[in-house]
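Let me begin by presenting the structure, written as structure tokens, before commenting on it.
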Amino acid sequence: MSITVKGVIERKPIGTGTWALVTDNGETYEIYQASPKEMLKNGLKVEVKGEVREDVMSIAMIGPILEVKSFQAIDS
């Protein structure tokens with residue numbers, strides 16, 4: 001399922017750590033490992049276009065897994 005969401009990048013201290021996108025309405029997506037490394041900055045506000053992956057699993061289990069296709073940093 002393709003989506004476009006806005007939110008803040010957060011590093012979650014689960015296991016060895018995982019990256020998440022917390023949307024403006026409070027939803028949390030786990031960022032898929034193949035996503036762009038340039039966006040992995042704690043506190044960065046972004047607009048992301050991506051795909052929710054239902055064919056992969058994670059041990060973090062913090063929310064749906066989002067594979068980022070493109071992103072843009074936005075002002076707060």
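Here's how to read the names in the structure tokens: chain A, B, ... by the order shown, residue numbers from 1 in each chain, ligand numbers from 1 in the order shown.
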
Contacts of segment 33-36 of chain A at 12 Å (only C-alpha atoms; same-chain gap of 3+ positions) as a PyMOL selection string: chain A and resi 17-21+30+39-41+48-53+56-58+65-72

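For Gly7 of chain A, the list of residues within 10 Å, based on only C-alpha atoms and with local chain neighbours fewer than 5 positions off taken out, reads Ala20, Leu21, Val22, Thr23, Asp24, Asn25, Gly26, Glu27, Thr28, Tyr29, Gly43, Leu44, Lys45, Val46, Glu47, Val48, Ala73, Ile74 and Ser76 of chain A.
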
Considering only strand (DSSP E or B) as DSSP defines it on the backbone, what residues of chain A qualify? List them as an MDAnalysis selection string. chainID A and resid 2:12 18:23 28:31 45:53 65:73
